[in-house]
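Listing of run-v2.pdb; format and content: PDB, C-alpha atoms and all ligand atoms.
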```
ATOM      1  CA  MET A 300     -30.674   8.832   7.326
ATOM      2  CA  ARG A 301     -30.718  10.983  10.491
ATOM      3  CA  ILE A 302     -34.108  11.325  12.106
ATOM      4  CA  GLN A 303     -34.039  14.146  14.665
ATOM      5  CA  ALA A 304     -37.543  13.414  15.923
ATOM      6  CA  ALA A 305     -36.549   9.869  16.746
ATOM      7  CA  SER A 306     -35.232  10.945  20.093
ATOM      8  CA  ARG A 307     -38.698  12.079  21.171
ATOM      9  CA  SER A 308     -40.114   8.777  22.409
ATOM     10  CA  PRO A 309     -39.230   5.101  22.290
ATOM     11  CA  CYS A 310     -42.683   4.416  20.822
ATOM     12  CA  ARG A 311     -42.034   6.754  17.888
ATOM     13  CA  VAL A 312     -38.611   5.231  17.267
ATOM     14  CA  GLY A 313     -40.367   1.872  17.139
ATOM     15  CA  ILE A 314     -42.797   3.171  14.502
ATOM     16  CA  TYR A 315     -39.910   4.509  12.366
ATOM     17  CA  TYR A 316     -38.092   1.174  12.469
ATOM     18  CA  CYS A 317     -41.281  -0.707  11.765
ATOM     19  CA  ASN A 318     -42.095   1.546   8.784
ATOM     20  CA  ALA A 319     -38.502   1.295   7.501
ATOM     21  CA  TRP A 320     -38.752  -2.494   7.616
ATOM     22  CA  VAL A 321     -42.073  -2.426   5.710
ATOM     23  CA  LEU A 322     -40.651  -0.005   3.128
ATOM     24  CA  LEU A 323     -37.564  -2.129   2.572
ATOM     25  CA  ARG A 324     -39.694  -5.234   2.108
ATOM     26  CA  ASN A 325     -42.238  -3.452  -0.127
ATOM     27  CA  PRO A 326     -40.397  -0.786  -2.082
ATOM     28  CA  PRO A 327     -42.648   1.499  -4.124
ATOM     29  CA  THR A 328     -42.697   0.566  -7.779
ATOM     30  CA  PRO A 329     -41.795   3.244 -10.357
ATOM     31  CA  CYS A 330     -45.311   3.047 -11.673
ATOM     32  CA  GLY A 331     -47.942   1.290  -9.641
ATOM     33  CA  GLU A 332     -50.747  -0.838 -10.949
ATOM     34  CA  GLU A 333     -52.757   1.593 -13.017
ATOM     35  CA  CYS A 334     -56.508   1.639 -13.068
ATOM     36  CA  ALA A 335     -58.402   4.027 -15.302
ATOM     37  CA  ILE A 336     -61.696   5.175 -13.853
ATOM     38  CA  GLY A 337     -63.745   7.710 -15.765
ATOM     39  CA  GLY A 338     -60.781   8.917 -17.776
ATOM     40  CA  VAL A 339     -58.708   9.416 -14.640
ATOM     41  CA  SER A 340     -55.763   7.097 -14.219
ATOM     42  CA  VAL A 341     -55.315   6.283 -10.546
ATOM     43  CA  ASP A 342     -52.836   3.612  -9.498
ATOM     44  CA  ARG A 343     -53.998   1.152  -6.880
ATOM     45  CA  SER A 344     -51.032   1.614  -4.567
ATOM     46  CA  SER A 345     -52.616   4.713  -2.974
ATOM     47  CA  GLY A 346     -49.986   7.044  -4.352
ATOM     48  CA  PHE A 347     -46.710   5.587  -3.210
ATOM     49  CA  GLY A 348     -46.142   3.685  -6.413
ATOM     50  CA  ARG A 349     -45.712   7.020  -8.172
ATOM     51  CA  ARG A 350     -43.169   8.234  -5.643
ATOM     52  CA  CYS A 351     -45.282  11.306  -4.981
ATOM     53  CA  VAL A 352     -44.628  11.004  -1.247
ATOM     54  CA  SER A 353     -41.045  11.249  -0.062
ATOM     55  CA  PHE A 354     -39.254   8.384   1.662
ATOM     56  CA  ARG A 355     -38.901  10.471   4.814
ATOM     57  CA  ARG A 356     -42.641  11.238   4.837
ATOM     58  CA  ARG A 357     -43.502   7.590   4.403
ATOM     59  CA  LEU A 358     -41.088   6.637   7.159
ATOM     60  CA  THR A 359     -42.572   9.062   9.665
ATOM     61  CA  THR A 360     -46.261   8.464   9.018
ATOM     62  CA  SER A 361     -48.372   5.418   9.608
ATOM     63  CA  CYS A 362     -48.742   4.750   5.912
ATOM     64  CA  ALA A 363     -45.556   3.012   4.888
ATOM     65  CA  THR A 364     -47.095  -0.028   3.332
ATOM     66  CA  ARG A 365     -47.707  -0.451  -0.343
ATOM     67  CA  ARG A 366     -51.339  -1.195   0.302
ATOM     68  CA  ARG A 367     -53.858  -1.334  -2.480
ATOM     69  CA  SER A 368     -57.365  -0.121  -2.723
ATOM     70  CA  ALA A 369     -60.489  -1.988  -3.738
ATOM     71  CA  ALA A 370     -61.080  -3.493  -7.158
ATOM     72  CA  PRO A 371     -64.184  -1.826  -8.653
ATOM     73  CA  ALA A 372     -66.162  -5.112  -8.678
ATOM     74  CA  VAL A 373     -65.505  -5.768  -4.978
ATOM     75  CA  PHE A 374     -66.306  -2.174  -4.115
ATOM     76  CA  ARG A 375     -69.636  -2.355  -5.967
ATOM     77  CA  GLU A 376     -70.418  -5.676  -4.273
ATOM     78  CA  MET A 377     -69.817  -4.161  -0.824
ATOM     79  CA  LEU A 378     -71.929  -1.048  -1.407
ATOM     80  CA  SER A 379     -74.718  -2.968  -3.128
ATOM     81  CA  GLN A 380     -75.342  -4.779   0.141
ATOM     82  CA  LEU A 381     -76.326  -1.613   1.979
ATOM     83  CA  PRO A 382     -80.116  -1.477   2.464
ATOM     84  CA  ILE A 383     -80.224   2.307   2.364
ATOM     85  CA  ASN A 384     -81.595   5.243   0.477
ATOM     86  CA  PHE A 385     -78.215   6.465  -0.813
ATOM     87  CA  ARG A 386     -79.570   9.966  -1.408
ATOM     88  CA  ALA A 387     -79.862  10.460   2.351
ATOM     89  CA  PHE A 388     -76.346   9.220   3.205
ATOM     90  CA  THR A 389     -72.895  10.790   3.174
ATOM     91  CA  PHE A 390     -70.024   8.493   2.167
ATOM     92  CA  ILE A 391     -66.707   9.073   3.935
ATOM     93  CA  ASP A 392     -63.447   7.375   2.966
ATOM     94  CA  ILE A 393     -61.122   7.489   5.974
ATOM     95  CA  GLY A 394     -57.648   7.729   4.434
ATOM     96  CA  SER A 395     -58.715   8.535   0.892
ATOM     97  CA  GLY A 396     -55.312   8.737  -0.810
ATOM     98  CA  LYS A 397     -55.595   9.941  -4.394
ATOM     99  CA  GLY A 398     -59.389   9.722  -4.313
ATOM    100  CA  ARG A 399     -59.875   6.527  -6.248
ATOM    101  CA  THR A 400     -62.519   5.190  -3.872
ATOM    102  CA  LEU A 401     -64.324   8.536  -3.856
ATOM    103  CA  LEU A 402     -64.684   8.289  -7.620
ATOM    104  CA  MET A 403     -65.989   4.726  -7.422
ATOM    105  CA  ALA A 404     -68.473   5.767  -4.712
ATOM    106  CA  SER A 405     -69.862   8.440  -7.021
ATOM    107  CA  ASP A 406     -71.489   5.678  -9.110
ATOM    108  CA  PHE A 407     -73.974   5.558  -6.218
ATOM    109  CA  PRO A 408     -76.318   8.512  -5.608
ATOM    110  CA  PHE A 409     -74.818   9.572  -2.263
ATOM    111  CA  ARG A 410     -75.883  12.927  -0.872
ATOM    112  CA  ARG A 411     -72.205  13.822  -0.386
ATOM    113  CA  ILE A 412     -68.866  12.076  -0.719
ATOM    114  CA  ILE A 413     -65.955  13.111   1.500
ATOM    115  CA  GLY A 414     -62.362  11.911   1.460
ATOM    116  CA  VAL A 415     -60.242  12.373   4.589
ATOM    117  CA  GLU A 416     -56.529  12.287   3.761
ATOM    118  CA  LEU A 417     -53.554  13.084   5.991
ATOM    119  CA  LEU A 418     -50.950  13.707   3.306
ATOM    120  CA  ALA A 419     -51.200  16.989   1.420
ATOM    121  CA  GLU A 420     -49.427  15.473  -1.604
ATOM    122  CA  LEU A 421     -52.128  12.829  -2.032
ATOM    123  CA  HIS A 422     -54.945  15.256  -1.187
ATOM    124  CA  GLN A 423     -53.829  17.587  -4.005
ATOM    125  CA  ILE A 424     -53.804  14.709  -6.481
ATOM    126  CA  ALA A 425     -57.265  13.638  -5.265
ATOM    127  CA  ARG A 426     -58.612  17.144  -5.863
ATOM    128  CA  GLU A 427     -57.274  17.116  -9.388
ATOM    129  CA  ASN A 428     -58.681  13.615 -10.015
ATOM    130  CA  ILE A 429     -62.109  14.717  -8.780
ATOM    131  CA  ARG A 430     -61.969  17.794 -11.010
ATOM    132  CA  ARG A 431     -61.076  15.753 -14.110
ATOM    133  CA  TYR A 432     -63.419  12.846 -13.465
ATOM    134  CA  LYS A 433     -66.057  12.100 -16.086
ATOM    135  CA  ASN A 434     -68.148   8.976 -16.112
ATOM    136  CA  GLU A 435     -71.545   8.289 -17.600
ATOM    137  CA  HIS A 436     -72.429   6.152 -14.548
ATOM    138  CA  GLN A 437     -71.715   8.943 -12.081
ATOM    139  CA  GLN A 438     -74.691   9.679  -9.835
ATOM    140  CA  SER A 439     -73.174  11.790  -7.074
ATOM    141  CA  PHE A 440     -71.417  15.050  -7.858
ATOM    142  CA  ALA A 441     -70.824  16.528  -4.398
ATOM    143  CA  ILE A 442     -67.338  15.048  -3.955
ATOM    144  CA  GLU A 443     -64.582  16.626  -1.891
ATOM    145  CA  SER A 444     -61.190  15.685  -0.502
ATOM    146  CA  GLN A 445     -60.262  17.143   2.882
ATOM    147  CA  CYS A 446     -56.661  17.282   4.038
ATOM    148  CA  VAL A 447     -57.041  16.419   7.700
ATOM    149  CA  ASP A 448     -55.887  13.830  10.203
ATOM    150  CA  ALA A 449     -58.734  11.305  10.535
ATOM    151  CA  ARG A 450     -58.206  11.387  14.305
ATOM    152  CA  GLU A 451     -59.312  15.029  14.284
ATOM    153  CA  PHE A 452     -62.049  14.783  11.689
ATOM    154  CA  GLU A 453     -65.518  15.934  12.754
ATOM    155  CA  PHE A 454     -68.263  13.755  11.355
ATOM    156  CA  PRO A 455     -71.108  15.589   9.618
ATOM    157  CA  ASN A 456     -74.552  15.143  11.174
ATOM    158  CA  ASP A 457     -75.839  13.092   8.231
ATOM    159  CA  PRO A 458     -76.558   9.370   8.028
ATOM    160  CA  LEU A 459     -73.151   7.894   7.240
ATOM    161  CA  VAL A 460     -71.396   5.203   5.280
ATOM    162  CA  LEU A 461     -67.770   5.054   6.434
ATOM    163  CA  TYR A 462     -65.194   3.200   4.392
ATOM    164  CA  PHE A 463     -61.963   1.928   5.935
ATOM    165  CA  PHE A 464     -59.212   0.282   3.934
ATOM    166  CA  ASN A 465     -56.794  -0.042   6.831
ATOM    167  CA  PRO A 466     -55.646   3.554   6.809
ATOM    168  CA  LEU A 467     -54.639   3.725  10.465
ATOM    169  CA  PRO A 468     -52.815   1.686  13.052
ATOM    170  CA  GLN A 469     -54.863   0.245  15.889
ATOM    171  CA  SER A 470     -54.588   3.293  18.168
ATOM    172  CA  GLY A 471     -55.739   5.636  15.384
ATOM    173  CA  MET A 472     -58.680   3.377  14.532
ATOM    174  CA  LYS A 473     -59.683   3.408  18.198
ATOM    175  CA  THR A 474     -59.692   7.215  18.248
ATOM    176  CA  VAL A 475     -61.753   7.494  15.057
ATOM    177  CA  LEU A 476     -64.293   4.930  16.324
ATOM    178  CA  SER A 477     -64.566   6.689  19.657
ATOM    179  CA  HIS A 478     -65.240  10.019  17.872
ATOM    180  CA  LEU A 479     -67.860   8.293  15.744
ATOM    181  CA  GLU A 480     -69.582   6.911  18.834
ATOM    182  CA  GLN A 481     -69.610  10.360  20.464
ATOM    183  CA  SER A 482     -70.973  11.922  17.281
ATOM    184  CA  LEU A 483     -73.773   9.322  17.092
ATOM    185  CA  LYS A 484     -74.633   9.920  20.738
ATOM    186  CA  ALA A 485     -74.820  13.674  20.189
ATOM    187  CA  CYS A 486     -76.859  13.299  16.990
ATOM    188  CA  PRO A 487     -78.510   9.867  16.657
ATOM    189  CA  ARG A 488     -78.617   8.662  13.050
ATOM    190  CA  ASP A 489     -77.930   5.568  10.980
ATOM    191  CA  ALA A 490     -74.351   4.671  10.134
ATOM    192  CA  TYR A 491     -72.638   1.799   8.384
ATOM    193  CA  ILE A 492     -68.960   0.927   8.407
ATOM    194  CA  VAL A 493     -67.595  -0.880   5.393
ATOM    195  CA  TYR A 494     -64.312  -2.358   6.621
ATOM    196  CA  HIS A 495     -62.232  -3.700   3.778
ATOM    197  CA  ASN A 496     -59.295  -5.969   4.540
ATOM    198  CA  PRO A 497     -60.227  -5.880   8.250
ATOM    199  CA  GLU A 498     -56.927  -6.153  10.107
ATOM    200  CA  HIS A 499     -58.233  -4.758  13.385
ATOM    201  CA  ARG A 500     -61.596  -6.455  13.351
ATOM    202  CA  SER A 501     -61.701  -6.963  17.121
ATOM    203  CA  LEU A 502     -61.830  -3.181  17.616
ATOM    204  CA  LEU A 503     -65.189  -3.013  15.894
ATOM    205  CA  GLU A 504     -66.745  -5.688  18.057
ATOM    206  CA  SER A 505     -68.046  -3.049  20.422
ATOM    207  CA  SER A 506     -71.326  -2.125  21.988
ATOM    208  CA  PHE A 507     -72.428   0.393  19.384
ATOM    209  CA  LEU A 508     -71.712  -1.748  16.295
ATOM    210  CA  ARG A 509     -73.272  -4.958  14.991
ATOM    211  CA  GLU A 510     -71.906  -7.063  12.164
ATOM    212  CA  PHE A 511     -74.305  -6.789   9.271
ATOM    213  CA  ALA A 512     -72.613  -8.705   6.450
ATOM    214  CA  SER A 513     -69.234 -10.197   5.672
ATOM    215  CA  ALA A 514     -67.236 -11.934   2.997
ATOM    216  CA  HIS A 515     -63.668 -13.083   2.595
ATOM    217  CA  GLN A 516     -62.264  -9.550   2.066
ATOM    218  CA  TYR A 517     -64.581  -7.350   4.113
ATOM    219  CA  VAL A 518     -67.005  -6.904   6.978
ATOM    220  CA  ILE A 519     -69.889  -4.444   7.068
ATOM    221  CA  TYR A 520     -71.094  -3.116  10.421
ATOM    222  CA  ARG A 521     -74.237  -1.235  11.224
ATOM    223  CA  THR A 522     -74.465   0.996  14.243
ATOM    224  CA  VAL A 523     -76.904   0.236  16.978
ATOM    225  CA  ARG A 524     -79.023   3.340  17.241
ATOM    226  CA  ILE A 525     -77.753   5.423  20.162
ATOM    227  CA  ASP A 526     -80.494   7.738  21.414
ATOM    228  CA  GLY A 527     -79.315  10.197  24.049
TER     229      GLY A 527
HETATM  230  C1  LIG A 601     -54.403   2.021   1.996
HETATM  231  S1  LIG A 601     -54.553   3.717   1.572
HETATM  232  C2  LIG A 601     -56.253   3.722   1.106
HETATM  233  C3  LIG A 601     -56.563   4.686  -0.021
HETATM  234  C4  LIG A 601     -58.033   4.813  -0.375
HETATM  235  N1  LIG A 601     -58.915   4.643   0.739
HETATM  236  C5  LIG A 601     -58.422   3.861  -1.471
HETATM  237  O1  LIG A 601     -59.136   2.903  -1.156
HETATM  238  O2  LIG A 601     -58.033   4.080  -2.612
HETATM  239  C6  LIG A 601     -54.539   4.500   3.177
HETATM  240  C7  LIG A 601     -54.500   6.007   3.168
HETATM  241  O3  LIG A 601     -54.691   6.473   4.511
HETATM  242  C8  LIG A 601     -53.952   7.666   4.675
HETATM  243  N2  LIG A 601     -53.773   7.933   6.120
HETATM  244  C9  LIG A 601     -52.896   7.338   6.976
HETATM  245  N3  LIG A 601     -53.039   7.856   8.217
HETATM  246  C10 LIG A 601     -54.041   8.777   8.149
HETATM  247  C11 LIG A 601     -54.654   9.650   9.092
HETATM  248  N4  LIG A 601     -54.265   9.675  10.361
HETATM  249  N5  LIG A 601     -55.632  10.488   8.662
HETATM  250  C12 LIG A 601     -56.032  10.476   7.364
HETATM  251  N6  LIG A 601     -55.483   9.681   6.429
HETATM  252  C13 LIG A 601     -54.498   8.842   6.803
HETATM  253  C14 LIG A 601     -52.674   7.372   3.932
HETATM  254  O4  LIG A 601     -51.971   8.551   3.606
HETATM  255  C15 LIG A 601     -53.204   6.619   2.696
HETATM  256  O5  LIG A 601     -53.465   7.515   1.647
END
```
As a first step, turn the structure in this file into structure tokens.
Amino acid sequence: MRIQAASRSPCRVGIYYCNAWVLLRNPPTPCGEECAIGGVSVDRSSGFGRRCVSFRRRLTTSCATRRRSAAPAVFREMLSQLPINFRAFTFIDIGSGKGRTLLMASDFPFRRIIGVELLAELHQIARENIRRYKNEHQQSFAIESQCVDAREFEFPNDPLVLYFFNPLPQSGMKTVLSHLEQSLKACPRDAYIVYHNPEHRSLLESSFLREFASAHQYVIYRTVRIDG
């Protein structure tokens, strides 16, 4: 496969080779592990299992791996630990794929639920999943998927619960966390980060975050209130 963009920078060439290696080791399955939530069948491989994203696209973005999303029980366990009035908080899934986590979050009475997804293919599927979703346990109905690069996403001025399931490489995580810090400085408010499968844990050991809870699969951080 000829990759014209590969000549742009040695760093980018490195990413392509790294992604190619990951893809060869973890080829997408014809049909990923299915999980029916509220009548919507969403596989846990974040979309790649269904081959809805082309090989080239997977090779040239940071999302080559066949990573899974949270099991409903683990997700509920993580959110149940938050000592918050959910009605005041906005939940944001950074790298929301087909929207599976957004649907699970709607079992909690969040003020709003926002998915931030880079790939238009997955964003479109998420929109359709949100539209079709029906569940008697649903408590939040203001759910949206936004097709935007998380590194350019502007955080709303609400109290926040951010969910990360390793959507970004280290540099991207750094950018998102730096934008979060700036946003909290500009508009002080409470924020929690639920970091599932925390590969870049050291990045979150910073001055504006404190570890609040942890278990084998996740760490929850709470922001230190930044006033002015
Ligand atoms: C491991 S999946 C997680 C899916 C979802 N959070 C869940 O739990 O079901 C990571 C997602 O992050 C997305 N992603 C990767 N880089 C991104 C970026 N820069 N901005 C937004 N989304 C991104 C990928 O396309 C992929 O859908």
_Selected residue of minimal separation from ligand LIG 601 (chain A) among A:Ser368, A:Gln445, A:Ser501, A:Asn384, counting all atoms listed in the file_ = A:Ser368
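Put simply, the PyMOL selection byres (((chain A and resi 397) around 9) and not hetatm) in this file takes in Val341, Asp342, Ser345, Gly346, Ser395, Gly396, Gly398, Arg399, Thr400, Leu401, Glu416, Glu420, Leu421, His422, Gln423, Ile424, Ala425, Arg426, Glu427, Asn428 and Ser444 of chain A.
Take the candidates A:Phe374, A:Phe440, A:Phe452, A:Phe407 and check each one against Asn496 of chain A using only C-alpha atoms; the shortest distance goes to A:Phe374.
Of the residues under consideration (A:Tyr432, A:Tyr462, A:Phe454, A:Phe385), A:Tyr462 shows the shortest atom-to-atom contact distance to ligand LIG 601 (chain A) when counting all atoms listed in the file.
Atom N2 of ligand LIG 601 (chain A) sits 6.1 Å away from atom CA of Leu467 of chain A.
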_Taking (-74.8, 4.8, -9.0) as a centre in this file's frame and 9 Å as the limit, can you find every polymer residue with an atom that close, using only C-alpha atoms, and give them as a PyMOL selection string?_
chain A and resi 403-409+436-439
Please produce a file of those selected residues containing C-alpha atoms, as a PDB file, keeping the file's coordinate frame.
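The resulting file, selection_14.pdb, is reproduced below:
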```pdb
ATOM      1  CA  MET A 403     -65.989   4.726  -7.422  1.00  0.00           C
ATOM      2  CA  ALA A 404     -68.473   5.767  -4.712  1.00  0.00           C
ATOM      3  CA  SER A 405     -69.862   8.440  -7.021  1.00  0.00           C
ATOM      4  CA  ASP A 406     -71.489   5.678  -9.110  1.00  0.00           C
ATOM      5  CA  PHE A 407     -73.974   5.558  -6.218  1.00  0.00           C
ATOM      6  CA  PRO A 408     -76.318   8.512  -5.608  1.00  0.00           C
ATOM      7  CA  PHE A 409     -74.818   9.572  -2.263  1.00  0.00           C
ATOM      8  CA  HIS A 436     -72.429   6.152 -14.548  1.00  0.00           C
ATOM      9  CA  GLN A 437     -71.715   8.943 -12.081  1.00  0.00           C
ATOM     10  CA  GLN A 438     -74.691   9.679  -9.835  1.00  0.00           C
ATOM     11  CA  SER A 439     -73.174  11.790  -7.074  1.00  0.00           C
TER      12      SER A 439
END
```
*Return as number ranges by chain the set of residues that the PyMOL selection byres (((chain A and resi 450) around 7) and not hetatm) yields on the displayed structure.*
A: 448-449, 451-452, 471, 474-475
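If you measure from each of A:Tyr520, A:Tyr491, A:Phe463, A:Phe390 to Leu503 of chain A using only C-alpha atoms, the closest one turns out to be A:Tyr520.
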